[in-house]
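As provided, data-v3.tsv (TSV, N, CA and C atoms) reads as follows.
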```
chain	number	residue	atom	x	y	z
S	74	MET	N	38.03	55.31	45.72
S	74	MET	CA	38.66	56.60	45.53
S	74	MET	C	38.08	57.29	44.29
S	75	VAL	N	37.80	56.54	43.23
S	75	VAL	CA	37.23	57.11	42.01
S	75	VAL	C	35.84	57.67	42.28
S	76	GLY	N	35.03	56.93	43.01
S	76	GLY	CA	33.69	57.40	43.34
S	76	GLY	C	33.71	58.66	44.18
S	77	GLU	N	34.62	58.71	45.13
S	77	GLU	CA	34.76	59.91	45.98
S	77	GLU	C	35.19	61.11	45.14
S	78	ALA	N	36.14	60.89	44.26
S	78	ALA	CA	36.60	61.98	43.39
S	78	ALA	C	35.45	62.49	42.53
S	79	ALA	N	34.68	61.57	41.95
S	79	ALA	CA	33.56	61.95	41.09
S	79	ALA	C	32.52	62.76	41.86
S	80	ALA	N	32.22	62.34	43.08
S	80	ALA	CA	31.24	63.07	43.90
S	80	ALA	C	31.74	64.48	44.20
S	81	LEU	N	33.00	64.61	44.53
S	81	LEU	CA	33.57	65.93	44.81
S	81	LEU	C	33.58	66.80	43.56
S	82	LEU	N	33.92	66.21	42.43
S	82	LEU	CA	33.99	66.97	41.17
S	82	LEU	C	32.61	67.38	40.67
S	83	GLU	N	31.59	66.63	41.04
S	83	GLU	CA	30.23	67.01	40.67
S	83	GLU	C	29.86	68.33	41.35
S	84	ARG	N	30.34	68.51	42.58
S	84	ARG	CA	30.09	69.75	43.32
S	84	ARG	C	30.99	70.88	42.87
S	85	ASP	N	32.26	70.55	42.58
S	85	ASP	CA	33.24	71.57	42.18
S	85	ASP	C	34.19	70.99	41.15
S	86	PRO	N	33.96	71.27	39.86
S	86	PRO	CA	34.81	70.70	38.81
S	86	PRO	C	36.26	71.17	38.85
S	87	ALA	N	36.58	72.12	39.70
S	87	ALA	CA	37.96	72.61	39.81
S	87	ALA	C	38.61	72.16	41.12
S	88	ASP	N	38.07	71.16	41.77
S	88	ASP	CA	38.59	70.67	43.05
S	88	ASP	C	39.89	69.89	42.83
S	89	VAL	N	41.00	70.51	43.16
S	89	VAL	CA	42.32	69.92	42.93
S	89	VAL	C	42.48	68.61	43.72
S	90	VAL	N	42.00	68.58	44.94
S	90	VAL	CA	42.12	67.37	45.76
S	90	VAL	C	41.35	66.22	45.12
S	91	ALA	N	40.18	66.50	44.59
S	91	ALA	CA	39.39	65.45	43.94
S	91	ALA	C	40.10	64.93	42.70
S	92	TRP	N	40.63	65.85	41.89
S	92	TRP	CA	41.37	65.42	40.70
S	92	TRP	C	42.59	64.60	41.11
S	93	ALA	N	43.27	65.00	42.20
S	93	ALA	CA	44.45	64.26	42.68
S	93	ALA	C	44.07	62.84	43.10
S	94	LYS	N	42.89	62.68	43.70
S	94	LYS	CA	42.42	61.34	44.06
S	94	LYS	C	42.26	60.47	42.81
S	95	LEU	N	41.69	61.07	41.77
S	95	LEU	CA	41.54	60.34	40.51
S	95	LEU	C	42.91	59.97	39.93
S	96	VAL	N	43.83	60.92	39.96
S	96	VAL	CA	45.17	60.67	39.43
S	96	VAL	C	45.84	59.53	40.19
S	97	MET	N	45.71	59.51	41.50
S	97	MET	CA	46.32	58.43	42.29
S	97	MET	C	45.71	57.09	41.92
S	98	ALA	N	44.39	57.04	41.77
S	98	ALA	CA	43.74	55.78	41.38
S	98	ALA	C	44.21	55.33	40.00
S	99	LEU	N	44.32	56.27	39.08
S	99	LEU	CA	44.79	55.94	37.74
S	99	LEU	C	46.23	55.44	37.77
S	100	GLY	N	47.07	56.15	38.52
S	100	GLY	CA	48.47	55.75	38.62
S	100	GLY	C	48.63	54.39	39.26
S	101	ASP	N	47.86	54.13	40.31
S	101	ASP	CA	47.92	52.83	40.98
S	101	ASP	C	47.47	51.69	40.07
S	102	SER	N	46.61	52.00	39.11
S	102	SER	CA	46.11	50.96	38.21
S	102	SER	C	46.94	50.86	36.93
S	103	GLY	N	48.02	51.64	36.84
S	103	GLY	CA	48.90	51.57	35.68
S	103	GLY	C	48.47	52.42	34.50
S	104	ALA	N	47.49	53.29	34.71
S	104	ALA	CA	46.99	54.15	33.63
S	104	ALA	C	47.70	55.50	33.67
S	105	THR	N	49.02	55.46	33.53
S	105	THR	CA	49.85	56.66	33.65
S	105	THR	C	49.49	57.73	32.63
S	106	ALA	N	49.25	57.34	31.40
S	106	ALA	CA	48.91	58.32	30.36
S	106	ALA	C	47.62	59.05	30.70
S	107	LEU	N	46.62	58.32	31.19
S	107	LEU	CA	45.37	58.96	31.59
S	107	LEU	C	45.59	59.89	32.78
S	108	ALA	N	46.42	59.45	33.71
S	108	ALA	CA	46.73	60.28	34.87
S	108	ALA	C	47.40	61.59	34.44
S	109	LEU	N	48.29	61.52	33.46
S	109	LEU	CA	48.97	62.73	33.00
S	109	LEU	C	47.99	63.69	32.33
S	110	VAL	N	47.04	63.17	31.59
S	110	VAL	CA	46.02	64.04	30.99
S	110	VAL	C	45.30	64.82	32.08
S	111	VAL	N	44.93	64.15	33.15
S	111	VAL	CA	44.25	64.82	34.25
S	111	VAL	C	45.17	65.83	34.92
S	112	CYS	N	46.44	65.48	35.11
S	112	CYS	CA	47.40	66.42	35.71
S	112	CYS	C	47.52	67.69	34.87
S	113	MET	N	47.57	67.54	33.56
S	113	MET	CA	47.68	68.71	32.68
S	113	MET	C	46.42	69.57	32.77
S	114	HIS	N	45.27	68.92	32.89
S	114	HIS	CA	44.01	69.65	33.03
S	114	HIS	C	44.01	70.48	34.32
S	115	VAL	N	44.43	69.87	35.40
S	115	VAL	CA	44.48	70.57	36.69
S	115	VAL	C	45.44	71.75	36.62
S	116	ALA	N	46.57	71.55	35.94
S	116	ALA	CA	47.55	72.64	35.80
S	116	ALA	C	46.95	73.82	35.04
S	117	GLU	N	46.05	73.55	34.09
S	117	GLU	CA	45.38	74.64	33.38
S	117	GLU	C	44.29	75.28	34.24
S	118	LEU	N	43.59	74.45	35.02
S	118	LEU	CA	42.54	74.96	35.90
S	118	LEU	C	43.10	75.87	36.98
S	119	ARG	N	44.15	75.40	37.59
S	119	ARG	CA	44.76	76.09	38.75
S	119	ARG	C	46.26	76.23	38.54
S	120	PRO	N	46.68	77.14	37.66
S	120	PRO	CA	48.10	77.22	37.31
S	120	PRO	C	49.03	77.53	38.49
S	121	ARG	N	48.54	78.18	39.50
S	121	ARG	CA	49.40	78.53	40.64
S	121	ARG	C	49.37	77.49	41.76
S	122	ASP	N	48.55	76.48	41.61
S	122	ASP	CA	48.40	75.44	42.63
S	122	ASP	C	49.38	74.31	42.33
S	123	SER	N	50.27	74.04	43.25
S	123	SER	CA	51.32	73.04	43.00
S	123	SER	C	50.98	71.66	43.58
S	124	ARG	N	49.76	71.48	44.08
S	124	ARG	CA	49.43	70.20	44.74
S	124	ARG	C	49.43	69.00	43.80
S	125	ILE	N	49.35	69.21	42.51
S	125	ILE	CA	49.34	68.09	41.56
S	125	ILE	C	50.73	67.86	40.96
S	126	ALA	N	51.68	68.73	41.28
S	126	ALA	CA	53.01	68.68	40.66
S	126	ALA	C	53.73	67.35	40.89
S	127	THR	N	53.63	66.78	42.07
S	127	THR	CA	54.30	65.51	42.33
S	127	THR	C	53.74	64.42	41.42
S	128	HIS	N	52.43	64.37	41.31
S	128	HIS	CA	51.79	63.37	40.45
S	128	HIS	C	52.22	63.57	39.00
S	129	ARG	N	52.24	64.82	38.57
S	129	ARG	CA	52.62	65.14	37.19
S	129	ARG	C	54.05	64.67	36.91
S	130	ASN	N	54.96	64.98	37.82
S	130	ASN	CA	56.36	64.61	37.62
S	130	ASN	C	56.55	63.10	37.58
S	131	ILE	N	55.83	62.38	38.42
S	131	ILE	CA	55.92	60.92	38.41
S	131	ILE	C	55.41	60.39	37.07
S	132	CYS	N	54.30	60.92	36.60
S	132	CYS	CA	53.77	60.51	35.29
S	132	CYS	C	54.78	60.78	34.18
S	133	LEU	N	55.35	61.99	34.19
S	133	LEU	CA	56.32	62.35	33.17
S	133	LEU	C	57.51	61.40	33.16
S	134	MET	N	58.01	61.05	34.36
S	134	MET	CA	59.14	60.12	34.43
S	134	MET	C	58.73	58.75	33.92
S	135	GLN	N	57.57	58.26	34.33
S	135	GLN	CA	57.14	56.92	33.92
S	135	GLN	C	56.93	56.83	32.41
S	136	LEU	N	56.53	57.93	31.80
S	136	LEU	CA	56.31	57.94	30.35
S	136	LEU	C	57.57	58.30	29.56
S	137	GLY	N	58.69	58.54	30.26
S	137	GLY	CA	59.94	58.86	29.59
S	137	GLY	C	60.00	60.29	29.06
S	138	LEU	N	59.17	61.16	29.61
S	138	LEU	CA	59.13	62.56	29.16
S	138	LEU	C	59.93	63.49	30.06
S	139	ALA	N	60.46	62.96	31.15
S	139	ALA	CA	61.28	63.74	32.07
S	139	ALA	C	62.30	62.81	32.74
S	140	VAL	N	63.41	63.40	33.11
S	140	VAL	CA	64.45	62.68	33.84
S	140	VAL	C	64.94	63.56	34.99
S	141	PRO	N	65.44	62.94	36.05
S	141	PRO	CA	65.99	63.74	37.15
S	141	PRO	C	67.23	64.51	36.69
S	142	ARG	N	67.41	65.70	37.23
S	142	ARG	CA	68.60	66.50	36.91
S	142	ARG	C	69.87	65.87	37.46
S	143	GLN	N	69.75	65.24	38.63
S	143	GLN	CA	70.91	64.63	39.29
S	143	GLN	C	70.69	63.13	39.41
S	144	PRO	N	71.76	62.34	39.30
S	144	PRO	CA	71.60	60.90	39.51
S	144	PRO	C	71.32	60.60	40.98
S	145	GLY	N	70.78	59.44	41.21
S	145	GLY	CA	70.54	59.02	42.60
S	145	GLY	C	69.09	59.15	43.01
S	146	LEU	N	68.90	58.88	44.28
S	146	LEU	CA	67.55	58.91	44.84
S	146	LEU	C	67.02	60.34	44.97
S	147	ILE	N	65.73	60.46	44.86
S	147	ILE	CA	65.06	61.76	45.05
S	147	ILE	C	64.16	61.61	46.26
S	148	ARG	N	64.31	62.53	47.20
S	148	ARG	CA	63.44	62.50	48.37
S	148	ARG	C	62.00	62.71	47.93
S	149	ILE	N	61.09	61.99	48.55
S	149	ILE	CA	59.69	62.08	48.18
S	149	ILE	C	59.16	63.51	48.32
S	150	THR	N	59.69	64.25	49.27
S	150	THR	CA	59.24	65.62	49.48
S	150	THR	C	59.68	66.56	48.37
S	151	ARG	N	60.60	66.10	47.52
S	151	ARG	CA	61.09	66.94	46.42
S	151	ARG	C	60.51	66.54	45.07
S	152	LEU	N	59.69	65.52	45.01
S	152	LEU	CA	59.16	65.05	43.73
S	152	LEU	C	58.33	66.10	43.00
S	153	GLY	N	57.77	67.04	43.73
S	153	GLY	CA	56.96	68.08	43.10
S	153	GLY	C	57.74	69.32	42.71
S	154	ASP	N	59.01	69.39	43.08
S	154	ASP	CA	59.83	70.56	42.78
S	154	ASP	C	60.12	70.65	41.28
S	155	PRO	N	59.87	71.81	40.68
S	155	PRO	CA	60.11	71.94	39.24
S	155	PRO	C	61.59	71.88	38.86
S	156	ASP	N	62.49	72.17	39.80
S	156	ASP	CA	63.91	72.18	39.47
S	156	ASP	C	64.57	70.81	39.60
S	157	VAL	N	63.84	69.79	39.99
S	157	VAL	CA	64.41	68.46	40.20
S	157	VAL	C	64.44	67.65	38.91
S	158	PHE	N	63.58	68.00	37.95
S	158	PHE	CA	63.46	67.22	36.72
S	158	PHE	C	63.72	68.08	35.49
S	159	VAL	N	64.21	67.42	34.46
S	159	VAL	CA	64.33	68.04	33.15
S	159	VAL	C	63.24	67.42	32.29
S	160	VAL	N	62.35	68.27	31.81
S	160	VAL	CA	61.24	67.80	30.99
S	160	VAL	C	61.59	68.07	29.53
S	161	SER	N	61.41	67.06	28.71
S	161	SER	CA	61.59	67.24	27.27
S	161	SER	C	60.32	67.90	26.74
S	162	GLU	N	60.37	69.22	26.64
S	162	GLU	CA	59.18	69.98	26.25
S	162	GLU	C	58.68	69.59	24.86
S	163	SER	N	59.59	69.34	23.93
S	163	SER	CA	59.14	68.97	22.58
S	163	SER	C	58.46	67.60	22.60
S	164	ALA	N	59.02	66.66	23.35
S	164	ALA	CA	58.41	65.33	23.45
S	164	ALA	C	57.07	65.42	24.17
S	165	LEU	N	56.99	66.26	25.20
S	165	LEU	CA	55.74	66.43	25.93
S	165	LEU	C	54.66	67.04	25.03
S	166	GLU	N	55.03	68.04	24.26
S	166	GLU	CA	54.05	68.65	23.34
S	166	GLU	C	53.57	67.67	22.29
S	167	ALA	N	54.46	66.86	21.77
S	167	ALA	CA	54.07	65.84	20.79
S	167	ALA	C	53.15	64.80	21.44
S	168	TRP	N	53.50	64.39	22.66
S	168	TRP	CA	52.68	63.44	23.39
S	168	TRP	C	51.29	64.02	23.64
S	169	ARG	N	51.27	65.26	24.09
S	169	ARG	CA	49.99	65.93	24.39
S	169	ARG	C	49.12	66.02	23.14
S	170	ALA	N	49.70	66.42	22.03
S	170	ALA	CA	48.93	66.54	20.79
S	170	ALA	C	48.32	65.20	20.40
S	171	GLN	N	49.09	64.14	20.52
S	171	GLN	CA	48.59	62.82	20.16
S	171	GLN	C	47.52	62.35	21.14
S	172	ALA	N	47.75	62.56	22.43
S	172	ALA	CA	46.79	62.11	23.45
S	172	ALA	C	45.46	62.85	23.36
S	173	LEU	N	45.53	64.13	22.98
S	173	LEU	CA	44.31	64.94	22.94
S	173	LEU	C	43.65	65.00	21.57
S	174	GLU	N	44.24	64.34	20.60
S	174	GLU	CA	43.69	64.37	19.24
S	174	GLU	C	42.21	63.97	19.20
S	175	PRO	N	41.79	62.90	19.90
S	175	PRO	CA	40.37	62.53	19.85
S	175	PRO	C	39.44	63.57	20.48
S	176	PHE	N	40.02	64.50	21.23
S	176	PHE	CA	39.24	65.52	21.94
S	176	PHE	C	39.46	66.91	21.36
S	177	ASP	N	39.99	66.97	20.16
S	177	ASP	CA	40.28	68.24	19.49
S	177	ASP	C	41.15	69.15	20.35
S	178	GLY	N	42.08	68.54	21.10
S	178	GLY	CA	43.01	69.30	21.93
S	178	GLY	C	42.44	69.84	23.22
S	179	ASP	N	41.22	69.47	23.56
S	179	ASP	CA	40.52	70.02	24.73
S	179	ASP	C	40.79	69.17	25.97
S	180	LEU	N	41.60	69.69	26.88
S	180	LEU	CA	41.94	68.97	28.10
S	180	LEU	C	40.74	68.74	29.00
S	181	GLU	N	39.84	69.68	29.04
S	181	GLU	CA	38.66	69.51	29.89
S	181	GLU	C	37.82	68.33	29.40
S	182	ARG	N	37.58	68.26	28.10
S	182	ARG	CA	36.82	67.13	27.54
S	182	ARG	C	37.56	65.82	27.78
S	183	ALA	N	38.86	65.83	27.58
S	183	ALA	CA	39.65	64.62	27.79
S	183	ALA	C	39.58	64.17	29.25
S	184	SER	N	39.70	65.10	30.17
S	184	SER	CA	39.66	64.75	31.60
S	184	SER	C	38.29	64.25	32.01
S	185	ASP	N	37.25	64.85	31.45
S	185	ASP	CA	35.90	64.37	31.72
S	185	ASP	C	35.74	62.93	31.22
S	186	PHE	N	36.28	62.66	30.04
S	186	PHE	CA	36.25	61.30	29.49
S	186	PHE	C	36.99	60.34	30.42
S	187	VAL	N	38.17	60.74	30.88
S	187	VAL	CA	38.97	59.90	31.77
S	187	VAL	C	38.18	59.59	33.03
S	188	LEU	N	37.52	60.58	33.61
S	188	LEU	CA	36.72	60.36	34.81
S	188	LEU	C	35.59	59.37	34.52
S	189	ARG	N	34.86	59.57	33.43
S	189	ARG	CA	33.76	58.66	33.08
S	189	ARG	C	34.27	57.25	32.80
S	190	LEU	N	35.43	57.15	32.17
S	190	LEU	CA	36.03	55.84	31.90
S	190	LEU	C	36.41	55.15	33.22
S	191	ALA	N	37.01	55.90	34.13
S	191	ALA	CA	37.39	55.33	35.44
S	191	ALA	C	36.15	54.87	36.20
S	192	LEU	N	35.08	55.63	36.11
S	192	LEU	CA	33.84	55.22	36.77
S	192	LEU	C	33.31	53.91	36.17
S	193	ALA	N	33.37	53.81	34.85
S	193	ALA	CA	32.90	52.59	34.18
S	193	ALA	C	33.77	51.40	34.54
S	194	ARG	N	35.08	51.60	34.52
S	194	ARG	CA	36.00	50.48	34.77
S	194	ARG	C	35.97	50.01	36.22
S	195	THR	N	35.51	50.87	37.13
S	195	THR	CA	35.40	50.46	38.54
S	195	THR	C	33.98	50.02	38.89
S	196	GLY	N	33.11	49.95	37.90
S	196	GLY	CA	31.74	49.50	38.13
S	196	GLY	C	30.81	50.55	38.69
S	197	LEU	N	31.24	51.79	38.70
S	197	LEU	CA	30.42	52.87	39.25
S	197	LEU	C	29.58	53.57	38.20
S	198	ARG	N	29.71	53.12	36.96
S	198	ARG	CA	28.93	53.64	35.84
S	198	ARG	C	28.56	52.42	34.99
S	199	PRO	N	27.33	52.38	34.47
S	199	PRO	CA	26.89	51.17	33.79
S	199	PRO	C	27.54	50.91	32.43
S	200	ASP	N	28.03	51.96	31.77
S	200	ASP	CA	28.59	51.77	30.43
S	200	ASP	C	29.85	52.60	30.26
S	201	GLU	N	30.65	52.19	29.29
S	201	GLU	CA	31.87	52.95	29.01
S	201	GLU	C	31.52	54.16	28.16
S	202	PRO	N	32.21	55.27	28.38
S	202	PRO	CA	31.92	56.47	27.59
S	202	PRO	C	32.41	56.31	26.16
S	203	ARG	N	31.78	57.02	25.27
S	203	ARG	CA	32.18	57.01	23.86
S	203	ARG	C	32.91	58.31	23.56
S	204	LEU	N	33.85	58.22	22.66
S	204	LEU	CA	34.60	59.41	22.25
S	204	LEU	C	33.72	60.31	21.40
```

Turn this file's structure into structure tokens for me.
Amino acid sequence: MVGEAAALLERDPADVVAWAKLVMALGDSGATALALVVCMHVAELRPRDSRIATHRNICLMQLGLAVPRQPGLIRITRLGDPDVFVVSESALEAWRAQALEPFDGDLERASDFVLRLALARTGLRPDEPRL
């Protein structure tokens, strides 16, 4: 999945589906923080595109940056709805600042690093990227 995402992103760096593939691979491997960085990048690339919203909300919940508005189960079809979760905006901004510090706050650079790191960790790149 990482290799496919990289190939698609080489052709179109704003391909939401390709970024979503990377996010799913990251999430499946337990790299939630890296997945959230990519989700935030996609949200800046395509602010009106909601296809990454479900992934973003799952990351936010897993990192303790969002909670459901109502107790109980949430239907999978509603995970991307903005009204289903309460996001701690101050905690998210603090998290973002810390996560992007090595990249001078640049989400694009951070996401590129995440992609190169995923390629290295899956054996699709010979070396790990340097900050």

Q: Identify, on the basis of all atoms listed in the file, every residue whose closest approach to stretch 152-165 of chain S does not exceed 6 Å; exclude the query and any residue fewer than 3 positions from it along the same chain; express the result as a ChimeraX atom specification.
A: /S:126-127,130,138-143,148-149,168-170

(Q) Between S:Asp122, S:Glu117, S:Glu166, S:Glu83, which residue has the minimum interatomic distance to S:Asp185, considering only C-alpha atoms? (A)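 Smallest separation from S:Asp185 among the options: S:Glu83.
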
Q | Backbone DSSP call of strand (DSSP E or B) for chain S, listed as a list of chain:residue names | A |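 Strand (DSSP E or B) members of chain S, listed: S:Ala139, S:Val140, S:Pro141, S:Phe158, S:Val159, S:Val160.
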
Q) S:Leu173, S:Leu82, S:Leu204, S:Cys112: which is nearest S:Val96, counting all atoms listed in the file? A)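 Comparing S:Leu173, S:Leu82, S:Leu204, S:Cys112 against S:Val96, the winner is S:Cys112.
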
Q) How would you write, as number ranges by chain, the set of residues in chain S that DSSP gives as alpha helix (DSSP H)? A) S: 75-84, 89-101, 105-118, 126-135, 162-173, 180-194

(Q) List as a ChimeraX atom specification the protein and nucleic acid residues near S:Ala87, meaning an atom at most 8 Å away when all atoms listed in the file are counted, but skip any in the same chain fewer than 6 places from it. (A) /S:81,115,118-119

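For S:Leu188, the set of protein, DNA and RNA residues having any atom at most 8 Å away, when counting only N, CA and C atoms and skipping those fewer than 3 positions along the same chain, is Val75, Ala79, Leu95, Val111, Arg182, Ala183, Ser184, Asp185, Ala191, Leu192, Ala193 and Arg194 of chain S.
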
(Q) Given only C-alpha atoms as the basis, pick out the residue of S:Arg151, S:Arg189, S:Arg203, S:Arg84 nearest to S:Leu107. (A)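 For S:Leu107, the nearest of the given residues is S:Arg189.
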
Would you pull stretch 178-198 of chain S out of the block just shown and save C-alpha atoms as a PDB file, in the first residue's frame?
```pdb
ATOM      1  CA  GLY S 178       5.946  24.090  11.035  1.00  0.00           C
ATOM      2  CA  ASP S 179       5.799  22.985   7.386  1.00  0.00           C
ATOM      3  CA  LEU S 180       3.198  20.238   6.913  1.00  0.00           C
ATOM      4  CA  GLU S 181       4.279  19.543   3.360  1.00  0.00           C
ATOM      5  CA  ARG S 182       7.880  18.877   4.435  1.00  0.00           C
ATOM      6  CA  ALA S 183       6.679  16.778   7.352  1.00  0.00           C
ATOM      7  CA  SER S 184       4.378  14.702   5.132  1.00  0.00           C
ATOM      8  CA  ASP S 185       7.134  14.179   2.592  1.00  0.00           C
ATOM      9  CA  PHE S 186       9.363  12.963   5.425  1.00  0.00           C
ATOM     10  CA  VAL S 187       6.620  10.606   6.636  1.00  0.00           C
ATOM     11  CA  LEU S 188       6.256   9.163   3.130  1.00  0.00           C
ATOM     12  CA  ARG S 189      10.028   8.654   2.774  1.00  0.00           C
ATOM     13  CA  LEU S 190      10.180   7.105   6.248  1.00  0.00           C
ATOM     14  CA  ALA S 191       7.330   4.710   5.405  1.00  0.00           C
ATOM     15  CA  LEU S 192       9.119   3.726   2.207  1.00  0.00           C
ATOM     16  CA  ALA S 193      12.316   3.023   4.152  1.00  0.00           C
ATOM     17  CA  ARG S 194      10.562   1.070   6.895  1.00  0.00           C
ATOM     18  CA  THR S 195       8.779  -1.130   4.339  1.00  0.00           C
ATOM     19  CA  GLY S 196      11.993  -1.811   2.419  1.00  0.00           C
ATOM     20  CA  LEU S 197      10.989   0.257  -0.594  1.00  0.00           C
ATOM     21  CA  ARG S 198      13.769   2.794  -0.019  1.00  0.00           C
TER      22      ARG S 198
END
```
